[in-house]
$ cat structure.cif   # mmCIF, N, CA and C atoms
data_work
loop_
_atom_site.label_atom_id
_atom_site.label_comp_id
_atom_site.auth_asym_id
_atom_site.auth_seq_id
_atom_site.Cartn_x
_atom_site.Cartn_y
_atom_site.Cartn_z
N MET G 201 11.36 -59.76 1.04
CA MET G 201 11.62 -59.85 2.45
C MET G 201 11.35 -61.29 2.89
N LEU G 202 12.17 -61.78 3.67
CA LEU G 202 12.00 -63.14 4.15
C LEU G 202 11.66 -63.11 5.62
N LEU G 203 10.63 -63.88 5.98
CA LEU G 203 10.27 -63.99 7.38
C LEU G 203 10.61 -65.42 7.82
N THR G 204 11.25 -65.53 8.86
CA THR G 204 11.64 -66.84 9.33
C THR G 204 11.05 -67.06 10.71
N ASN G 205 10.42 -68.19 10.84
CA ASN G 205 9.92 -68.57 12.14
C ASN G 205 10.95 -69.52 12.73
N ILE G 206 11.69 -69.04 13.69
CA ILE G 206 12.80 -69.79 14.23
C ILE G 206 12.34 -71.07 14.93
N SER G 207 11.21 -71.02 15.54
CA SER G 207 10.78 -72.19 16.28
C SER G 207 10.45 -73.38 15.38
N PHE G 208 9.90 -73.11 14.20
CA PHE G 208 9.55 -74.22 13.32
C PHE G 208 10.55 -74.41 12.20
N GLY G 209 11.41 -73.38 11.97
CA GLY G 209 12.40 -73.51 10.93
C GLY G 209 11.83 -73.37 9.55
N GLN G 210 10.69 -72.77 9.43
CA GLN G 210 10.09 -72.59 8.11
C GLN G 210 10.44 -71.18 7.59
N ILE G 211 10.57 -71.11 6.31
CA ILE G 211 10.86 -69.82 5.66
C ILE G 211 9.61 -69.40 4.89
N ILE G 212 9.12 -68.21 5.17
CA ILE G 212 7.93 -67.70 4.49
C ILE G 212 8.35 -66.46 3.71
N GLU G 213 8.06 -66.49 2.44
CA GLU G 213 8.35 -65.31 1.61
C GLU G 213 7.09 -64.45 1.54
N SER G 214 7.28 -63.14 1.60
CA SER G 214 6.15 -62.22 1.54
C SER G 214 6.41 -61.21 0.44
N ASP G 215 5.39 -60.97 -0.35
CA ASP G 215 5.49 -60.00 -1.44
C ASP G 215 5.09 -58.63 -0.89
N THR G 216 6.02 -57.67 -0.89
CA THR G 216 5.74 -56.35 -0.32
C THR G 216 5.39 -55.33 -1.40
N THR G 217 5.25 -55.76 -2.64
CA THR G 217 4.91 -54.83 -3.72
C THR G 217 3.41 -54.56 -3.76
N THR G 218 2.62 -55.36 -3.16
CA THR G 218 1.18 -55.14 -3.12
C THR G 218 0.75 -54.97 -1.68
N LEU G 219 -0.30 -54.21 -1.55
CA LEU G 219 -0.81 -53.92 -0.22
C LEU G 219 -2.31 -54.11 -0.25
N LEU G 220 -2.82 -54.88 0.64
CA LEU G 220 -4.25 -55.10 0.73
C LEU G 220 -4.82 -54.24 1.84
N ILE G 221 -5.82 -53.41 1.45
CA ILE G 221 -6.49 -52.57 2.44
C ILE G 221 -7.99 -52.71 2.24
N PRO G 222 -8.74 -52.47 3.27
CA PRO G 222 -10.19 -52.56 3.14
C PRO G 222 -10.71 -51.46 2.19
N VAL G 223 -11.86 -51.71 1.58
CA VAL G 223 -12.45 -50.80 0.60
C VAL G 223 -12.77 -49.44 1.23
N ASN G 224 -13.35 -49.45 2.40
CA ASN G 224 -13.71 -48.17 3.02
C ASN G 224 -12.48 -47.32 3.34
N VAL G 225 -11.37 -47.96 3.71
CA VAL G 225 -10.13 -47.23 3.96
C VAL G 225 -9.60 -46.68 2.64
N GLY G 226 -9.66 -47.46 1.58
CA GLY G 226 -9.22 -47.00 0.26
C GLY G 226 -10.03 -45.81 -0.21
N LYS G 227 -11.37 -45.88 0.00
CA LYS G 227 -12.22 -44.76 -0.40
C LYS G 227 -11.84 -43.51 0.40
N SER G 228 -11.60 -43.68 1.68
CA SER G 228 -11.21 -42.55 2.53
C SER G 228 -9.90 -41.95 2.05
N ILE G 229 -8.96 -42.81 1.67
CA ILE G 229 -7.66 -42.32 1.17
C ILE G 229 -7.87 -41.52 -0.11
N LEU G 230 -8.70 -42.02 -1.03
CA LEU G 230 -8.95 -41.32 -2.28
C LEU G 230 -9.65 -39.98 -2.04
N VAL G 231 -10.61 -39.97 -1.12
CA VAL G 231 -11.30 -38.72 -0.78
C VAL G 231 -10.29 -37.73 -0.20
N ASP G 232 -9.43 -38.22 0.69
CA ASP G 232 -8.43 -37.35 1.30
C ASP G 232 -7.44 -36.83 0.25
N LEU G 233 -7.06 -37.67 -0.70
CA LEU G 233 -6.16 -37.22 -1.76
C LEU G 233 -6.83 -36.16 -2.63
N ASN G 234 -8.10 -36.38 -2.96
CA ASN G 234 -8.84 -35.38 -3.73
C ASN G 234 -8.94 -34.06 -2.96
N ASP G 235 -9.23 -34.18 -1.67
CA ASP G 235 -9.31 -32.97 -0.84
C ASP G 235 -7.96 -32.26 -0.80
N LEU G 236 -6.88 -33.04 -0.71
CA LEU G 236 -5.54 -32.46 -0.68
C LEU G 236 -5.26 -31.69 -1.96
N GLU G 237 -5.59 -32.25 -3.10
CA GLU G 237 -5.37 -31.58 -4.38
C GLU G 237 -6.20 -30.30 -4.47
N ARG G 238 -7.46 -30.41 -4.03
CA ARG G 238 -8.36 -29.25 -4.06
C ARG G 238 -7.82 -28.16 -3.12
N LEU G 239 -7.35 -28.56 -1.96
CA LEU G 239 -6.82 -27.60 -1.00
C LEU G 239 -5.53 -26.96 -1.49
N LYS G 240 -4.71 -27.72 -2.21
CA LYS G 240 -3.49 -27.15 -2.77
C LYS G 240 -3.83 -26.06 -3.78
N LYS G 241 -4.84 -26.32 -4.62
CA LYS G 241 -5.27 -25.32 -5.60
C LYS G 241 -5.84 -24.10 -4.89
N GLN G 242 -6.62 -24.33 -3.85
CA GLN G 242 -7.18 -23.21 -3.08
C GLN G 242 -6.07 -22.40 -2.42
N GLU G 243 -5.06 -23.10 -1.93
CA GLU G 243 -3.95 -22.42 -1.28
C GLU G 243 -3.26 -21.47 -2.26
N VAL G 244 -3.02 -21.94 -3.48
CA VAL G 244 -2.40 -21.09 -4.49
C VAL G 244 -3.29 -19.88 -4.77
N THR G 245 -4.60 -20.13 -4.90
CA THR G 245 -5.54 -19.04 -5.15
C THR G 245 -5.53 -18.04 -3.99
N TYR G 246 -5.57 -18.57 -2.78
CA TYR G 246 -5.57 -17.70 -1.60
C TYR G 246 -4.28 -16.91 -1.49
N LYS G 247 -3.16 -17.55 -1.79
CA LYS G 247 -1.87 -16.85 -1.75
C LYS G 247 -1.86 -15.71 -2.75
N ASN G 248 -2.39 -15.96 -3.96
CA ASN G 248 -2.46 -14.89 -4.97
C ASN G 248 -3.37 -13.76 -4.49
N GLU G 249 -4.50 -14.11 -3.91
CA GLU G 249 -5.43 -13.09 -3.40
C GLU G 249 -4.77 -12.28 -2.27
N ILE G 250 -4.06 -12.97 -1.40
CA ILE G 250 -3.38 -12.29 -0.31
C ILE G 250 -2.33 -11.33 -0.86
N GLN G 251 -1.58 -11.76 -1.86
CA GLN G 251 -0.57 -10.90 -2.47
C GLN G 251 -1.22 -9.68 -3.10
N GLN G 252 -2.33 -9.88 -3.80
CA GLN G 252 -3.02 -8.75 -4.42
C GLN G 252 -3.54 -7.79 -3.35
N LEU G 253 -4.08 -8.33 -2.27
CA LEU G 253 -4.58 -7.49 -1.19
C LEU G 253 -3.44 -6.72 -0.52
N GLU G 254 -2.31 -7.38 -0.34
CA GLU G 254 -1.15 -6.69 0.24
C GLU G 254 -0.69 -5.56 -0.66
N ASN G 255 -0.72 -5.79 -1.98
CA ASN G 255 -0.36 -4.73 -2.92
C ASN G 255 -1.33 -3.56 -2.82
N LYS G 256 -2.63 -3.88 -2.72
CA LYS G 256 -3.64 -2.83 -2.59
C LYS G 256 -3.43 -2.05 -1.31
N VAL G 257 -3.15 -2.76 -0.22
CA VAL G 257 -2.92 -2.10 1.06
C VAL G 257 -1.70 -1.18 0.96
N PHE G 258 -0.64 -1.66 0.32
CA PHE G 258 0.56 -0.84 0.15
C PHE G 258 0.25 0.43 -0.64
N LYS G 259 -0.49 0.27 -1.75
CA LYS G 259 -0.86 1.43 -2.57
C LYS G 259 -1.73 2.39 -1.77
N ASN G 260 -2.68 1.84 -1.01
CA ASN G 260 -3.56 2.69 -0.21
C ASN G 260 -2.79 3.43 0.88
N GLU G 261 -1.80 2.76 1.46
CA GLU G 261 -0.97 3.42 2.48
C GLU G 261 -0.18 4.57 1.86
N LYS G 262 0.31 4.36 0.62
CA LYS G 262 1.02 5.43 -0.08
C LYS G 262 0.08 6.60 -0.34
N ILE G 263 -1.13 6.28 -0.77
CA ILE G 263 -2.11 7.33 -1.05
C ILE G 263 -2.44 8.09 0.23
N ILE G 264 -2.63 7.35 1.31
CA ILE G 264 -2.94 7.98 2.60
C ILE G 264 -1.80 8.90 3.03
N THR G 265 -0.58 8.43 2.89
CA THR G 265 0.57 9.24 3.26
C THR G 265 0.62 10.52 2.43
N THR G 266 0.40 10.37 1.13
CA THR G 266 0.40 11.53 0.23
C THR G 266 -0.70 12.51 0.63
N LEU G 267 -1.88 11.99 0.92
CA LEU G 267 -3.00 12.85 1.31
C LEU G 267 -2.74 13.54 2.65
N GLU G 268 -2.09 12.85 3.56
CA GLU G 268 -1.75 13.46 4.85
C GLU G 268 -0.77 14.62 4.66
N VAL G 269 0.21 14.42 3.76
CA VAL G 269 1.17 15.49 3.48
C VAL G 269 0.45 16.69 2.86
N LYS G 270 -0.44 16.40 1.90
CA LYS G 270 -1.20 17.48 1.26
C LYS G 270 -2.08 18.19 2.28
N ASP G 271 -2.69 17.42 3.16
CA ASP G 271 -3.55 18.02 4.19
C ASP G 271 -2.74 18.94 5.10
N LYS G 272 -1.55 18.49 5.46
CA LYS G 272 -0.68 19.31 6.31
C LYS G 272 -0.31 20.61 5.60
N LYS G 273 0.03 20.50 4.33
CA LYS G 273 0.38 21.70 3.57
C LYS G 273 -0.82 22.63 3.44
N ASN G 274 -1.99 22.05 3.19
CA ASN G 274 -3.21 22.87 3.09
C ASN G 274 -3.51 23.57 4.40
N ASN G 275 -3.30 22.88 5.51
CA ASN G 275 -3.52 23.50 6.81
C ASN G 275 -2.54 24.65 7.04
N GLU G 276 -1.30 24.47 6.59
CA GLU G 276 -0.31 25.55 6.71
C GLU G 276 -0.74 26.75 5.87
N ILE G 277 -1.23 26.48 4.66
CA ILE G 277 -1.69 27.57 3.79
C ILE G 277 -2.86 28.29 4.44
N ILE G 278 -3.78 27.54 5.01
CA ILE G 278 -4.94 28.14 5.68
C ILE G 278 -4.49 29.01 6.85
N GLU G 279 -3.54 28.52 7.63
CA GLU G 279 -3.03 29.30 8.76
C GLU G 279 -2.37 30.59 8.28
N LEU G 280 -1.61 30.51 7.17
CA LEU G 280 -0.97 31.70 6.63
C LEU G 280 -2.02 32.71 6.15
N LYS G 281 -3.05 32.20 5.47
CA LYS G 281 -4.13 33.08 5.00
C LYS G 281 -4.85 33.72 6.19
N ASP G 282 -5.11 32.93 7.22
CA ASP G 282 -5.78 33.46 8.41
C ASP G 282 -4.94 34.56 9.06
N SER G 283 -3.64 34.32 9.16
CA SER G 283 -2.78 35.35 9.77
C SER G 283 -2.73 36.59 8.87
N LYS G 284 -2.76 36.39 7.56
CA LYS G 284 -2.79 37.53 6.63
C LYS G 284 -4.07 38.33 6.83
N TYR G 285 -5.21 37.66 6.91
CA TYR G 285 -6.48 38.35 7.12
C TYR G 285 -6.51 39.07 8.46
N LYS G 286 -5.91 38.45 9.45
CA LYS G 286 -5.85 39.07 10.76
C LYS G 286 -5.05 40.38 10.71
N LEU G 287 -3.90 40.33 10.01
CA LEU G 287 -3.09 41.53 9.86
C LEU G 287 -3.85 42.61 9.09
N VAL G 288 -4.53 42.22 8.03
CA VAL G 288 -5.30 43.18 7.25
C VAL G 288 -6.42 43.78 8.09
N ASP G 289 -7.08 42.96 8.88
CA ASP G 289 -8.14 43.48 9.76
C ASP G 289 -7.58 44.46 10.78
N GLU G 290 -6.42 44.14 11.34
CA GLU G 290 -5.79 45.05 12.31
C GLU G 290 -5.43 46.38 11.65
N GLU G 291 -4.87 46.30 10.44
CA GLU G 291 -4.51 47.52 9.72
C GLU G 291 -5.77 48.32 9.38
N ASN G 292 -6.83 47.65 8.97
CA ASN G 292 -8.09 48.34 8.67
C ASN G 292 -8.64 49.03 9.91
N LYS G 293 -8.57 48.39 11.02
CA LYS G 293 -9.05 48.99 12.27
C LYS G 293 -8.22 50.23 12.59
N GLN G 294 -6.91 50.11 12.44
CA GLN G 294 -6.04 51.26 12.70
C GLN G 294 -6.35 52.40 11.73
N LEU G 295 -6.58 52.04 10.46
CA LEU G 295 -6.90 53.08 9.48
C LEU G 295 -8.24 53.74 9.79
N ARG G 296 -9.21 52.97 10.22
CA ARG G 296 -10.51 53.54 10.61
C ARG G 296 -10.35 54.51 11.78
N ASP G 297 -9.55 54.10 12.76
CA ASP G 297 -9.29 54.98 13.91
C ASP G 297 -8.60 56.26 13.45
N ASP G 298 -7.63 56.13 12.52
CA ASP G 298 -6.93 57.30 12.00
C ASP G 298 -7.91 58.21 11.25
N ILE G 299 -8.81 57.61 10.46
CA ILE G 299 -9.80 58.40 9.72
C ILE G 299 -10.71 59.16 10.69
N LYS G 300 -11.13 58.49 11.77
CA LYS G 300 -11.96 59.17 12.77
C LYS G 300 -11.22 60.35 13.37
N LYS G 301 -9.94 60.17 13.69
CA LYS G 301 -9.15 61.26 14.26
C LYS G 301 -9.04 62.41 13.27
N ILE G 302 -8.79 62.08 12.00
CA ILE G 302 -8.65 63.12 10.98
C ILE G 302 -9.98 63.86 10.80
N LYS G 303 -11.10 63.13 10.76
CA LYS G 303 -12.41 63.77 10.64
C LYS G 303 -12.68 64.69 11.82
N THR G 304 -12.35 64.21 13.02
CA THR G 304 -12.54 65.04 14.21
C THR G 304 -11.68 66.30 14.12
N LYS G 305 -10.44 66.14 13.68
CA LYS G 305 -9.52 67.27 13.53
C LYS G 305 -10.05 68.24 12.49
N ASN G 306 -10.57 67.71 11.37
CA ASN G 306 -11.11 68.56 10.31
C ASN G 306 -12.33 69.34 10.81
N VAL G 307 -13.17 68.67 11.59
CA VAL G 307 -14.35 69.35 12.13
C VAL G 307 -13.91 70.49 13.05
N ILE G 308 -12.93 70.21 13.87
CA ILE G 308 -12.43 71.25 14.78
C ILE G 308 -11.83 72.41 13.98
N ILE G 309 -11.06 72.06 12.93
CA ILE G 309 -10.45 73.11 12.09
C ILE G 309 -11.55 73.93 11.41
N GLU G 310 -12.59 73.23 10.91
CA GLU G 310 -13.69 73.95 10.26
C GLU G 310 -14.39 74.88 11.26
N ILE G 311 -14.60 74.40 12.47
CA ILE G 311 -15.26 75.22 13.49
C ILE G 311 -14.39 76.43 13.83
N VAL G 312 -13.10 76.17 14.06
CA VAL G 312 -12.19 77.26 14.40
C VAL G 312 -12.08 78.23 13.22
N GLY G 313 -11.92 77.64 12.01
CA GLY G 313 -11.81 78.48 10.81
C GLY G 313 -13.07 79.31 10.61
N GLY G 314 -14.23 78.66 10.81
CA GLY G 314 -15.51 79.38 10.67
C GLY G 314 -15.61 80.49 11.71
N SER G 315 -15.15 80.19 12.90
CA SER G 315 -15.20 81.21 13.97
C SER G 315 -14.29 82.37 13.62
N ILE G 316 -13.13 82.09 13.10
CA ILE G 316 -12.18 83.14 12.74
C ILE G 316 -12.76 83.98 11.60
N ILE G 317 -13.33 83.29 10.60
CA ILE G 317 -13.92 84.02 9.48
C ILE G 317 -15.10 84.87 9.98
N ALA G 318 -15.90 84.28 10.86
CA ALA G 318 -17.04 85.03 11.40
C ALA G 318 -16.55 86.24 12.19
N ALA G 319 -15.49 86.04 12.97
CA ALA G 319 -14.97 87.16 13.77
C ALA G 319 -14.39 88.23 12.87
N LEU G 320 -13.64 87.83 11.84
CA LEU G 320 -13.06 88.80 10.92
C LEU G 320 -14.16 89.52 10.13
N THR G 321 -15.15 88.76 9.73
CA THR G 321 -16.27 89.37 9.00
C THR G 321 -16.98 90.37 9.90
N TYR G 322 -17.17 90.04 11.13
CA TYR G 322 -17.83 90.93 12.10
C TYR G 322 -16.99 92.20 12.30
N ILE G 323 -15.70 91.98 12.44
CA ILE G 323 -14.80 93.12 12.67
C ILE G 323 -14.80 94.03 11.45
N ILE G 324 -14.72 93.42 10.27
CA ILE G 324 -14.64 94.21 9.04
C ILE G 324 -15.99 94.91 8.82
N THR G 325 -17.04 94.23 9.07
CA THR G 325 -18.37 94.78 8.78
C THR G 325 -18.73 95.88 9.78
N PHE G 326 -18.48 95.74 11.00
CA PHE G 326 -18.94 96.70 12.01
C PHE G 326 -17.85 97.68 12.43
N LYS G 327 -16.79 97.70 11.84
CA LYS G 327 -15.74 98.62 12.22
C LYS G 327 -15.70 99.80 11.36
#

$ encode --input "structure.cif" --output "structure tokens"
Amino acid sequence: MLLTNISFGQIIESDTTTLLIPVNVGKSILVDLNDLERLKKQEVTYKNEIQQLENKVFKNEKIITTLEVKDKKNNEIIELKDSKYKLVDEENKQLRDDIKKIKTKNVIIEIVGGSIIAALTYIITFK
């Protein structure tokens, strides 16, 4: 690159292949470059960890969905069993009522039958 000072007419050549910077600035640049490299490695590690966590979350969501479906089916089975037991209890109650009626009827028949036998026995014996 050529720099020309028009007022004096002098031509000054400058070498742009080298750059002079203060030592403390150079140290800061090197520290920043090291930090950049370290952060790039951390970024890759973090991205891998994030991907693994996303995979775990996906698997867990699948498991949760499967368990929710199973829970729903189990609840349906429980409801069916409960309704079955309710029907059986109702039938048992009806059968108990029927048994009571039959026992009452049998007692009445026994009383009437006993009375008839007693009356016939009385008639036969004292006639």

$ atom_distance --input "structure.cif" --atom1 "CA of Val288 in chain G" --atom2 "CA of Asn306 in chain G"
26.2 Å

$ select_by_dssp --input "structure.cif" --residues "chain G" --states "helix (DSSP H, G or I)" --output "count of residues only"
104

$ select_by_dssp --input "structure.cif" --residues "chain G" --states "strand (DSSP E or B)" --output "list of chain:residue names"
G:Leu202, G:Leu203, G:Thr204, G:Asn205, G:Gln210, G:Ile211, G:Ile212, G:Glu213

$ atom_distance --input "structure.cif" --atom1 "atom N of Ile309 in chain G" --atom2 "atom C of Lys327 in chain G"
28.2 Å

$ axis_aligned_box --input "structure.cif" --around "range 314-327 of chain G" --padding-each-side "8 Å" --output "lines of an AutoDock Vina configuration file"
center_x = -15.6
center_y = 89.2
center_z = 11.4
size_x = 22.8
size_y = 37.1
size_z = 21.2

$ atom_distance --input "structure.cif" --atom1 "atom N of Arg296 in chain G" --atom2 "CA of Lys284 in chain G"
17.1 Å

$ decode --input "structure.cif" --residues "range 254-293 of chain G" --atoms "N, CA and C atoms" --output "compact mmCIF listing (two decimals), in the first residue's frame"
# COMPACT_ATOMS: atom_id res chain seq x y z
N GLU G 254 -33.42 -34.79 25.05
CA GLU G 254 -34.62 -34.76 24.22
C GLU G 254 -35.07 -36.17 23.88
N ASN G 255 -34.11 -37.06 23.61
CA ASN G 255 -34.45 -38.46 23.33
C ASN G 255 -35.09 -39.11 24.56
N LYS G 256 -34.52 -38.83 25.74
CA LYS G 256 -35.09 -39.38 26.98
C LYS G 256 -36.50 -38.86 27.20
N VAL G 257 -36.69 -37.57 26.96
CA VAL G 257 -38.01 -36.97 27.13
C VAL G 257 -39.01 -37.63 26.17
N PHE G 258 -38.58 -37.83 24.93
CA PHE G 258 -39.45 -38.47 23.94
C PHE G 258 -39.85 -39.88 24.39
N LYS G 259 -38.84 -40.65 24.85
CA LYS G 259 -39.12 -42.01 25.32
C LYS G 259 -40.05 -41.98 26.53
N ASN G 260 -39.80 -41.04 27.45
CA ASN G 260 -40.65 -40.94 28.63
C ASN G 260 -42.08 -40.55 28.27
N GLU G 261 -42.22 -39.68 27.28
CA GLU G 261 -43.56 -39.29 26.83
C GLU G 261 -44.29 -40.49 26.23
N LYS G 262 -43.54 -41.33 25.48
CA LYS G 262 -44.14 -42.54 24.93
C LYS G 262 -44.58 -43.47 26.04
N ILE G 263 -43.73 -43.62 27.04
CA ILE G 263 -44.05 -44.49 28.18
C ILE G 263 -45.28 -43.96 28.91
N ILE G 264 -45.32 -42.65 29.12
CA ILE G 264 -46.46 -42.03 29.80
C ILE G 264 -47.74 -42.26 29.01
N THR G 265 -47.67 -42.08 27.70
CA THR G 265 -48.85 -42.30 26.86
C THR G 265 -49.32 -43.75 26.96
N THR G 266 -48.37 -44.67 26.89
CA THR G 266 -48.71 -46.09 27.00
C THR G 266 -49.35 -46.39 28.35
N LEU G 267 -48.77 -45.84 29.41
CA LEU G 267 -49.32 -46.07 30.75
C LEU G 267 -50.70 -45.45 30.91
N GLU G 268 -50.92 -44.30 30.30
CA GLU G 268 -52.24 -43.68 30.36
C GLU G 268 -53.29 -44.54 29.66
N VAL G 269 -52.91 -45.13 28.51
CA VAL G 269 -53.82 -46.01 27.79
C VAL G 269 -54.13 -47.24 28.65
N LYS G 270 -53.08 -47.81 29.25
CA LYS G 270 -53.28 -48.98 30.11
C LYS G 270 -54.16 -48.63 31.31
N ASP G 271 -53.93 -47.46 31.88
CA ASP G 271 -54.72 -47.02 33.02
C ASP G 271 -56.19 -46.88 32.63
N LYS G 272 -56.43 -46.32 31.46
CA LYS G 272 -57.80 -46.16 30.98
C LYS G 272 -58.47 -47.53 30.80
N LYS G 273 -57.73 -48.46 30.21
CA LYS G 273 -58.28 -49.80 30.02
C LYS G 273 -58.54 -50.47 31.36
N ASN G 274 -57.61 -50.32 32.29
CA ASN G 274 -57.80 -50.90 33.63
C ASN G 274 -59.02 -50.31 34.32
N ASN G 275 -59.21 -49.01 34.17
CA ASN G 275 -60.39 -48.37 34.76
C ASN G 275 -61.68 -48.91 34.14
N GLU G 276 -61.65 -49.15 32.83
CA GLU G 276 -62.82 -49.73 32.16
C GLU G 276 -63.09 -51.13 32.69
N ILE G 277 -62.03 -51.91 32.88
CA ILE G 277 -62.18 -53.27 33.41
C ILE G 277 -62.76 -53.21 34.82
N ILE G 278 -62.26 -52.30 35.63
CA ILE G 278 -62.76 -52.14 37.00
C ILE G 278 -64.24 -51.77 36.99
N GLU G 279 -64.61 -50.85 36.11
CA GLU G 279 -66.02 -50.46 36.01
C GLU G 279 -66.90 -51.63 35.60
N LEU G 280 -66.41 -52.45 34.64
CA LEU G 280 -67.17 -53.62 34.21
C LEU G 280 -67.32 -54.62 35.37
N LYS G 281 -66.24 -54.84 36.10
CA LYS G 281 -66.29 -55.75 37.25
C LYS G 281 -67.26 -55.21 38.31
N ASP G 282 -67.20 -53.91 38.56
CA ASP G 282 -68.11 -53.31 39.55
C ASP G 282 -69.56 -53.48 39.13
N SER G 283 -69.84 -53.26 37.85
CA SER G 283 -71.22 -53.43 37.38
C SER G 283 -71.63 -54.89 37.46
N LYS G 284 -70.70 -55.80 37.20
CA LYS G 284 -70.98 -57.23 37.31
C LYS G 284 -71.33 -57.58 38.76
N TYR G 285 -70.53 -57.10 39.71
CA TYR G 285 -70.79 -57.36 41.12
C TYR G 285 -72.11 -56.75 41.56
N LYS G 286 -72.42 -55.60 41.03
CA LYS G 286 -73.68 -54.95 41.37
C LYS G 286 -74.86 -55.81 40.89
N LEU G 287 -74.75 -56.32 39.66
CA LEU G 287 -75.80 -57.19 39.14
C LEU G 287 -75.93 -58.46 39.97
N VAL G 288 -74.80 -59.05 40.34
CA VAL G 288 -74.82 -60.26 41.15
C VAL G 288 -75.45 -59.97 42.51
N ASP G 289 -75.10 -58.85 43.10
CA ASP G 289 -75.70 -58.47 44.39
C ASP G 289 -77.20 -58.29 44.28
N GLU G 290 -77.64 -57.65 43.20
CA GLU G 290 -79.08 -57.46 43.00
C GLU G 290 -79.79 -58.80 42.83
N GLU G 291 -79.18 -59.70 42.06
CA GLU G 291 -79.78 -61.02 41.88
C GLU G 291 -79.80 -61.79 43.19
N ASN G 292 -78.73 -61.69 43.98
CA ASN G 292 -78.69 -62.35 45.28
C ASN G 292 -79.78 -61.81 46.20
N LYS G 293 -79.98 -60.54 46.19
CA LYS G 293 -81.03 -59.94 47.01
C LYS G 293 -82.40 -60.45 46.58
